[in-house]
Amino acid sequence: MTLATHTTAVDSWRLLPAAQQPSYPDPVALRSALDDLASYPPLVFAGECDRLRDRIADVARGEAFVLQGGDCAESFDAVSSDQVRDKVRTLLQMAAVLTYASSVPVVKIGRIAGQYSKPRSNPTEIRDGVELPVYRGDSVNGLAFTPESRTPDPERLKRMYHSSAATLNLVRAFTTGGYADLRQVHEWNRDFVAASPVGERYERLAGDIDDALTFLSACGADPAAVHSSEIFASHEALLLDYEAALTRVDARTGKLYDVSGHMVWIGERTRQLDGAHVEFASTVRNPIGVKLGPTTSADEAMRLIDKLDPEREPGRLTFITRMGARNVREILPELIGKVTAEGARPAWICDPMHGNTFEAPSGHKTRHFDDVLDEVTGFFEVHRALGTHPGGIHVELTGDDVTECVGGGAEVRLADLGQRYESACDPRLNRKQSLDLAFRVAELYRDRTAQGAARREAVRAA
Ligand SMILES: O=C[C@H](O)[C@H](O)COP(=O)(O)O
Ligand SMILES: C=C(OP(=O)(O)O)C(=O)O
C-alpha cells in the first residue's frame with residue numbers, strides 16, 4: 001500500500017503498479033511512520049550524490065572502475081562498529097588491489113546503510129504445514145518464523161532510517177579517521193597473501209604494490225588519497241514509500257534527490273518500464289542503477305535508458321548485469337552492442353552473484369566461487385571483444401568468515417555450509433573469498449591491459 005505523505009517527492013509513481021511492496025495491516029500507523037520520516041534530516045547530501053555521479057561518469061568514459069559490495073540484506077542487529085569496520089576493511093583491501101591492477105581510480109560503493117529490504121520470489125513461506133508471509137528484510141518484518149514477527153510493521157521503516165544513519169556515521173569515521181591509510185590496507189593484503197593457500201599466485205602483484213608504495217614515499221609523495229578514502233552508500237530502492245519520504249528538493253538546484261543513499265538501484269524484479277520503481281527513479285537526480293537479468297532484450301535496455309537517462313548523461317545510469325555464468329557470453333554482446341550503437345553511455349558493471357545461485361543438498365542457498373569468477377571473466381571477455389569498458393563489479397560480501405558460498409582459495413566445501421551460514425537471505429562471499437575475487441579480477445584487468453598494449457604495438461609495427 002502506498003500513501004501520500006508530506007514529502008516533496010513527485011508523486012507520479014503512485015499511479016503505477018508497484019511490485020514487491022509489503023501489505024501493512026494498519027494504514028494509520030504507516031502514515032504516521034512516513035510522516036515522521038519525511039520530517040527527518042537527510043542521510044546523505046545532494047552534493048555527495050553529484051560527486052558520485054561524476055565518479056561514475058568517469059567509469060562510463062572508461063577512466064575508472066566500480067567496486068560495489070556489501071551484504072545481501074543488512075540487519076538491525078549487525079549495526080556494530082566491528083561489523084561495519086570489517087566490511088569497510090574488505091572493500092578497502094579489494095579496492096587497493098584493483099586500483100593498482102587497473103591503473104584507474106576505483107569508485108567504492110557499499111551495499112550499505114540502507115540495504116534492508118528484499119524482493120522475494122514468493123509472498124509466503126511454508127514450514128511444517130504453517131504458511132506465513134515471507135521475510136522481506138528488517139525494514140519490513142522479522143526473520144523469526146512467527147505470525148507476529150512476519151507481520152509488516154511500519155515502525156521498522158524508522159529503524160531502517162536510524163540504522164542507516166548509525167552505519168553511515170561509522171563508514172565516514174572509518175574512511176576519514178586514519179583507518180583507511182593505504183599502507184595499512186596493503187599490510188592487511190600482505191597478511192592475506194601470506195596466509196592464503198593460493199597466496200603464491202598473488203605474491204607478484206602484492207610485491208609490485210609494495211614497490212609502488214615504496215617509490216611514492218621515496219619521492220616524498222604523500223597525497224591525501226593515501227590516508228583516507230571515500231565509500232559511497234547504495235541500496236535497492238524497493239520500498240517506495242520510504243524512498244519517497246526521504247526525497248527532498250536540493251536548495252542549490254531545485255531538483256529532487258532521494259537522500260536515503262548516494263546511489264539507489266532498481267532490482268531485476270521491479271524494473272518494469274510501466275511500473276512505479278522506474279517512474280520513481282526517473283524523478284530523482286541520484287545516480288541510478290538497474291539490474292539486468294538474462295531475459296532483458298536490447299530494446300528494453302534502450303527504453304530504460306530513454307526513461308531514466310533521456311539526456312544520455314554519463315554517470316546517471318549504471319546497468320548492473322546479472323546474467324549467470326552460463327549466459328553471459330551469449331546474451332551480453334547484443335545488449336552492449338545495441339546500446340553502444342545507439343550512442344548511449346551507461347556504466348556497465350557485473351553482478352556475478354544473482355545469476356549463479358543454487359540450492360545445496362543441505363538446503364542452503366549457495367553460489368560457487370568458480371561460477372562467480374566465470375561470470376566476471378565472461379563479462380571482461382565480452383567487453384574486450386566489443387572494445388567497450390568493463391566498468392566494475394557488484395558483489396554480495398561480508399567482512400566475516402562465514403560459510404555461505406562454496407569454493408575460493410581457502411576452499412569452503414558444500415559440507416561446510418552449515419558451520420557459519422548467517423545471511424538472512426542470499427549467500428555472501430566471506431572476507432577471504434572477496435579478496436580472492438579481487439586478486440583474480442586484478443589479473444583479468446592486467447591481461448586486458450597487456451593484450452591492449454600488444455594490439456597497439458602490433459598496429460604500430462604494421
Ligand atoms: O537477494 C535477492 C533476492 O531477494 C533473492 O534472491 C530472492 O530470493 P528468494 O528466491 O529466496 O525469494
Ligand atoms: C535482489 C537482488 O538482485 P536482483 O534484483 O538482481 O535479483 C539484490 O541485489 O539484492
# chains A, B, ... in the order shown; residues from 1 in each chain; ligands from 1
$ closest_atom_pairs --of "chain A" --to "ligand 2" --cutoff "10 Å" --atoms "only C-alpha atoms and all ligand atoms" --output "tab-separated table"
residue	atom	partner	partner_atom_place_in_ligand_line	distance
A:Gly69	CA	ligand 2	9 (O)	9.6
A:Gly70	CA	ligand 2	9 (O)	9.8
A:Asp71	CA	ligand 2	10 (O)	8.4
A:Cys72	CA	ligand 2	10 (O)	5.4
A:Ala73	CA	ligand 2	10 (O)	7.2
A:Arg111	CA	ligand 2	9 (O)	8.7
A:Gln115	CA	ligand 2	10 (O)	8.1
A:Tyr116	CA	ligand 2	10 (O)	9.6
A:Ser117	CA	ligand 2	10 (O)	8.4
A:Lys118	CA	ligand 2	1 (C)	6.2
A:Pro119	CA	ligand 2	1 (C)	5.7
A:Arg120	CA	ligand 2	1 (C)	7.6
A:Ser121	CA	ligand 2	7 (O)	9.4
A:His235	CA	ligand 2	10 (O)	8.4
A:Glu236	CA	ligand 2	10 (O)	6.9
A:Leu238	CA	ligand 2	1 (C)	9.5
A:Trp265	CA	ligand 2	9 (O)	8.7
A:Ile266	CA	ligand 2	5 (O)	7.1
A:Gly267	CA	ligand 2	5 (O)	3.4
A:Glu268	CA	ligand 2	5 (O)	3.8
A:Arg269	CA	ligand 2	5 (O)	5.7
A:Thr270	CA	ligand 2	5 (O)	7.6
A:Arg271	CA	ligand 2	5 (O)	8.7
A:Val290	CA	ligand 2	5 (O)	8.3
A:Lys291	CA	ligand 2	6 (O)	5.2
A:Leu292	CA	ligand 2	6 (O)	6.9
A:Gly293	CA	ligand 2	6 (O)	6.7
A:Ile320	CA	ligand 2	6 (O)	7.9
A:Thr321	CA	ligand 2	6 (O)	7.9
A:Arg322	CA	ligand 2	6 (O)	6.2
A:Met323	CA	ligand 2	6 (O)	9.1
A:Asp351	CA	ligand 2	6 (O)	7.5
A:Pro352	CA	ligand 2	6 (O)	9.5
A:Met353	CA	ligand 2	9 (O)	8.3
A:His354	CA	ligand 2	6 (O)	5.5
A:Gly355	CA	ligand 2	6 (O)	7.7
A:His394	CA	ligand 2	9 (O)	8.5
A:Val395	CA	ligand 2	9 (O)	8.3
A:Glu396	CA	ligand 2	9 (O)	7.7
A:Cys425	CA	ligand 2	10 (O)	8.9
A:Asp426	CA	ligand 2	10 (O)	7.9
$ select_by_dssp --residues "region 115-214 of chain A" --states "alpha helix (DSSP H)" --output "number ranges by chain"
A: 147-150, 155-176, 182-195, 199-214
$ residues_around --residues "Glu74 (chain A)" --least-positions-apart "5" --cutoff "8 Å" --atoms "only C-alpha atoms" --output "list in words"
Ile112, Ala113, Gly114, Gln115, Tyr116, Gly137 and Asp138 of chain A
$ write_last_selection --atoms "C-alpha atoms" --output "PDB file, in the first residue's frame"
ATOM      1  CA  ILE A 112      25.428  -0.478   2.953  1.00  0.00           C
ATOM      2  CA  ALA A 113      23.490   1.925   5.206  1.00  0.00           C
ATOM      3  CA  GLY A 114      20.110   1.188   3.623  1.00  0.00           C
ATOM      4  CA  GLN A 115      20.152  -2.350   2.188  1.00  0.00           C
ATOM      5  CA  TYR A 116      17.380  -3.538   4.497  1.00  0.00           C
ATOM      6  CA  GLY A 137      14.155  -7.586   5.094  1.00  0.00           C
ATOM      7  CA  ASP A 138      14.458  -5.946   8.511  1.00  0.00           C
TER       8      ASP A 138
END
$ closest_atom_pairs --of "region 185-268 of chain A" --to "region 273-284 of chain A" --cutoff "9 Å" --atoms "only C-alpha atoms" --output "CSV"
residue,atom,partner,partner_atom,distance
A:Ala237,CA,A:His277,CA,7.6
A:Leu238,CA,A:His277,CA,7.4
A:Leu239,CA,A:His277,CA,9.0
A:Leu240,CA,A:His277,CA,7.2
A:Glu243,CA,A:Phe280,CA,8.8
A:Ala244,CA,A:Phe280,CA,8.1
A:Thr247,CA,A:Val284,CA,7.9
A:Lys255,CA,A:Val284,CA,7.4
A:Leu256,CA,A:Val284,CA,5.0
A:Tyr257,CA,A:Val284,CA,4.9
A:Asp258,CA,A:Val284,CA,6.2
A:Val264,CA,A:Ala281,CA,8.3
A:Trp265,CA,A:Ala281,CA,8.4
A:Ile266,CA,A:His277,CA,6.7
A:Gly267,CA,A:His277,CA,9.0
$ residues_around --residues "Gln419 (chain A)" --least-positions-apart "5" --cutoff "9 Å" --atoms "only C-alpha atoms" --output "NGL selection string"
:A and (402-404)
$ residues_around --residues "Phe369 (chain A)" --least-positions-apart "6" --cutoff "9 Å" --atoms "only C-alpha atoms" --output "number ranges by chain"
A: 405-408, 429, 433, 437
$ write_last_selection --atoms "N, CA and C atoms" --output "PDB file, in the first residue's frame"
ATOM      1  N   CYS A 405      29.068 -19.203   0.595  1.00  0.00           N
ATOM      2  CA  CYS A 405      29.380 -19.564  -0.793  1.00  0.00           C
ATOM      3  C   CYS A 405      30.469 -20.636  -0.755  1.00  0.00           C
ATOM      4  N   VAL A 406      30.465 -21.524  -1.746  1.00  0.00           N
ATOM      5  CA  VAL A 406      31.480 -22.581  -1.758  1.00  0.00           C
ATOM      6  C   VAL A 406      32.628 -22.220  -2.704  1.00  0.00           C
ATOM      7  N   GLY A 407      33.791 -22.877  -2.469  1.00  0.00           N
ATOM      8  CA  GLY A 407      34.957 -22.647  -3.316  1.00  0.00           C
ATOM      9  C   GLY A 407      35.808 -21.507  -2.800  1.00  0.00           C
ATOM     10  N   GLY A 408      36.667 -20.999  -3.679  1.00  0.00           N
ATOM     11  CA  GLY A 408      37.604 -19.944  -3.264  1.00  0.00           C
ATOM     12  C   GLY A 408      38.915 -20.566  -2.846  1.00  0.00           C
ATOM     13  N   LEU A 429      29.980 -13.751  -0.285  1.00  0.00           N
ATOM     14  CA  LEU A 429      31.392 -14.151  -0.238  1.00  0.00           C
ATOM     15  C   LEU A 429      31.921 -13.751   1.132  1.00  0.00           C
ATOM     16  N   GLN A 433      37.205 -15.029   0.415  1.00  0.00           N
ATOM     17  CA  GLN A 433      36.694 -15.220  -0.958  1.00  0.00           C
ATOM     18  C   GLN A 433      36.617 -13.876  -1.685  1.00  0.00           C
ATOM     19  N   LEU A 437      38.628 -12.920  -5.008  1.00  0.00           N
ATOM     20  CA  LEU A 437      37.977 -12.401  -6.215  1.00  0.00           C
ATOM     21  C   LEU A 437      38.687 -11.129  -6.693  1.00  0.00           C
TER      22      LEU A 437
END
$ atom_distance --atom1 "CA of Met94 (chain A)" --atom2 "atom 11 (O, counted along the ligand's line) of ligand 1"
27.7 Å
$ select_by_dssp --residues "region 18-172 of chain A" --states "strand (DSSP E)" --output "PyMOL selection string"
chain A and resi 65-70+106-111+124-127+130-133
$ write_last_selection --atoms "C-alpha atoms" --output "PDB file, in the first residue's frame"
ATOM      1  CA  PHE A  65      36.239   1.130 -12.174  1.00  0.00           C
ATOM      2  CA  VAL A  66      33.400   0.482  -9.698  1.00  0.00           C
ATOM      3  CA  LEU A  67      33.620  -1.824  -6.732  1.00  0.00           C
ATOM      4  CA  GLN A  68      30.107  -2.124  -5.316  1.00  0.00           C
ATOM      5  CA  GLY A  69      29.633  -4.589  -2.489  1.00  0.00           C
ATOM      6  CA  GLY A  70      28.158  -5.465   0.850  1.00  0.00           C
ATOM      7  CA  VAL A 106      38.270   2.603  -8.086  1.00  0.00           C
ATOM      8  CA  VAL A 107      34.907   4.056  -7.080  1.00  0.00           C
ATOM      9  CA  LYS A 108      33.898   2.308  -3.871  1.00  0.00           C
ATOM     10  CA  ILE A 109      30.170   1.932  -3.292  1.00  0.00           C
ATOM     11  CA  GLY A 110      28.854  -0.093  -0.364  1.00  0.00           C
ATOM     12  CA  ARG A 111      25.664  -2.098  -0.412  1.00  0.00           C
ATOM     13  CA  THR A 124       4.724 -16.589   1.651  1.00  0.00           C
ATOM     14  CA  GLU A 125       6.812 -19.356   3.135  1.00  0.00           C
ATOM     15  CA  ILE A 126       5.579 -22.728   4.383  1.00  0.00           C
ATOM     16  CA  ARG A 127       7.265 -24.616   7.219  1.00  0.00           C
ATOM     17  CA  VAL A 130       2.355 -23.466   8.520  1.00  0.00           C
ATOM     18  CA  GLU A 131       2.199 -20.645   5.953  1.00  0.00           C
ATOM     19  CA  LEU A 132       3.390 -17.149   6.872  1.00  0.00           C
ATOM     20  CA  PRO A 133       4.444 -14.033   4.935  1.00  0.00           C
TER      21      PRO A 133
END
$ closest_residue --among "A:Arg440, A:Arg190, A:Arg420, A:Arg156" --to "Glu203 (chain A)" --atoms "only C-alpha atoms"
A:Arg190
$ residues_around --residues "Ser23 (chain A)" --least-positions-apart "3" --cutoff "10 Å" --atoms "only C-alpha atoms" --output "list of chain:residue names"
A:Met1, A:Thr2, A:Gln20, A:Asp26, A:Pro27, A:Pro133, A:Val140, A:Thr151, A:Pro152, A:Asp153
$ residues_around --residues "Tyr161 (chain A)" --least-positions-apart "4" --cutoff "8 Å" --atoms "only C-alpha atoms" --output "ChimeraX atom specification"
/A:37,114,157,165,260
$ decode --residues "region 230-349 of chain A" --atoms "C-alpha atoms" --output "tab-separated table (two decimals), in the first residue's frame"
chain	number	residue	atom	x	y	z
A	230	GLU	CA	35.72	7.59	0.04
A	231	ILE	CA	32.97	4.99	0.25
A	232	PHE	CA	29.53	5.85	-1.06
A	233	ALA	CA	26.31	4.24	0.18
A	234	SER	CA	23.82	2.42	-2.05
A	235	HIS	CA	20.82	0.15	-1.71
A	236	GLU	CA	17.92	-1.19	-3.74
A	237	ALA	CA	15.16	1.42	-3.82
A	238	LEU	CA	12.50	-1.17	-3.15
A	239	LEU	CA	10.10	0.33	-0.59
A	240	LEU	CA	8.84	3.33	-2.47
A	241	ASP	CA	7.00	4.86	0.49
A	242	TYR	CA	10.30	5.00	2.37
A	243	GLU	CA	12.27	6.35	-0.59
A	244	ALA	CA	9.63	8.99	-1.31
A	245	ALA	CA	9.54	10.07	2.34
A	246	LEU	CA	13.28	10.67	2.08
A	247	THR	CA	13.13	12.58	-1.16
A	248	ARG	CA	13.94	16.27	-0.84
A	249	VAL	CA	14.36	19.33	-3.03
A	250	ASP	CA	18.01	20.37	-3.26
A	251	ALA	CA	18.20	24.02	-2.30
A	252	ARG	CA	21.06	24.65	-4.77
A	253	THR	CA	19.39	23.34	-7.87
A	254	GLY	CA	15.69	22.95	-7.08
A	255	LYS	CA	15.97	19.31	-8.19
A	256	LEU	CA	14.76	16.24	-6.30
A	257	TYR	CA	17.20	13.87	-4.63
A	258	ASP	CA	16.50	10.66	-2.78
A	259	VAL	CA	18.62	11.39	0.28
A	260	SER	CA	18.37	7.84	1.70
A	261	GLY	CA	21.63	6.90	-0.10
A	262	HIS	CA	24.04	8.24	-2.68
A	263	MET	CA	23.07	5.72	-5.35
A	264	VAL	CA	19.92	3.64	-5.48
A	265	TRP	CA	19.22	0.79	-7.84
A	266	ILE	CA	16.15	-0.88	-9.29
A	267	GLY	CA	16.12	-4.65	-8.99
A	268	GLU	CA	15.52	-7.32	-11.58
A	269	ARG	CA	12.03	-7.95	-10.16
A	270	THR	CA	10.90	-4.31	-10.17
A	271	ARG	CA	12.33	-2.84	-13.38
A	272	GLN	CA	9.05	-2.91	-15.33
A	273	LEU	CA	9.02	0.00	-17.79
A	274	ASP	CA	5.47	0.92	-16.83
A	275	GLY	CA	5.99	0.26	-13.14
A	276	ALA	CA	6.32	2.55	-10.13
A	277	HIS	CA	10.00	1.87	-9.42
A	278	VAL	CA	11.26	3.05	-12.80
A	279	GLU	CA	8.91	6.04	-12.62
A	280	PHE	CA	10.13	6.99	-9.13
A	281	ALA	CA	13.79	6.72	-10.15
A	282	SER	CA	13.16	8.89	-13.20
A	283	THR	CA	12.12	11.77	-10.89
A	284	VAL	CA	15.29	11.93	-8.75
A	285	ARG	CA	18.77	13.15	-9.65
A	286	ASN	CA	20.79	10.45	-7.86
A	287	PRO	CA	22.94	8.12	-9.92
A	288	ILE	CA	20.65	5.18	-10.67
A	289	GLY	CA	21.46	1.51	-11.17
A	290	VAL	CA	19.26	-1.03	-12.92
A	291	LYS	CA	19.79	-4.77	-12.64
A	292	LEU	CA	19.54	-6.56	-15.97
A	293	GLY	CA	18.94	-10.31	-15.92
A	294	PRO	CA	19.12	-12.85	-18.75
A	295	THR	CA	15.64	-12.13	-20.11
A	296	THR	CA	16.43	-8.47	-20.85
A	297	SER	CA	16.12	-7.53	-24.51
A	298	ALA	CA	18.24	-4.84	-26.14
A	299	ASP	CA	15.04	-2.96	-26.86
A	300	GLU	CA	14.07	-3.00	-23.18
A	301	ALA	CA	17.51	-1.71	-22.23
A	302	MET	CA	17.06	1.17	-24.69
A	303	ARG	CA	13.65	2.02	-23.29
A	304	LEU	CA	15.07	2.06	-19.76
A	305	ILE	CA	17.72	4.49	-21.00
A	306	ASP	CA	15.07	6.69	-22.64
A	307	LYS	CA	13.13	6.81	-19.40
A	308	LEU	CA	15.93	7.11	-16.87
A	309	ASP	CA	18.65	8.87	-18.81
A	310	PRO	CA	16.98	10.77	-21.64
A	311	GLU	CA	19.87	13.27	-21.79
A	312	ARG	CA	22.40	10.42	-22.12
A	313	GLU	CA	24.38	11.92	-19.26
A	314	PRO	CA	27.45	9.84	-18.33
A	315	GLY	CA	27.22	8.84	-14.66
A	316	ARG	CA	23.45	8.98	-14.44
A	317	LEU	CA	22.78	5.35	-15.30
A	318	THR	CA	24.59	2.15	-14.44
A	319	PHE	CA	23.49	-1.17	-15.87
A	320	ILE	CA	24.29	-3.94	-13.41
A	321	THR	CA	24.17	-7.12	-15.45
A	322	ARG	CA	23.49	-10.46	-13.71
A	323	MET	CA	23.20	-12.98	-16.48
A	324	GLY	CA	24.65	-16.10	-14.89
A	325	ALA	CA	27.96	-17.63	-15.89
A	326	ARG	CA	26.26	-19.85	-18.45
A	327	ASN	CA	24.55	-16.97	-20.27
A	328	VAL	CA	26.85	-14.00	-20.03
A	329	ARG	CA	28.90	-14.64	-23.16
A	330	GLU	CA	25.78	-15.20	-25.26
A	331	ILE	CA	23.41	-12.52	-24.01
A	332	LEU	CA	25.58	-9.56	-23.08
A	333	PRO	CA	27.12	-8.79	-26.52
A	334	GLU	CA	23.79	-7.90	-28.11
A	335	LEU	CA	22.75	-5.65	-25.20
A	336	ILE	CA	26.02	-3.75	-25.09
A	337	GLY	CA	26.27	-3.68	-28.89
A	338	LYS	CA	22.85	-2.11	-29.37
A	339	VAL	CA	23.16	0.39	-26.50
A	340	THR	CA	26.58	1.50	-27.73
A	341	ALA	CA	25.43	1.74	-31.34
A	342	GLU	CA	22.56	3.98	-30.22
A	343	GLY	CA	25.04	6.40	-28.66
A	344	ALA	CA	24.06	5.78	-25.03
A	345	ARG	CA	26.86	5.62	-22.47
A	346	PRO	CA	25.71	3.89	-19.28
A	347	ALA	CA	28.37	2.42	-17.00
A	348	TRP	CA	28.34	-1.38	-17.24
A	349	ILE	CA	29.08	-3.37	-14.15
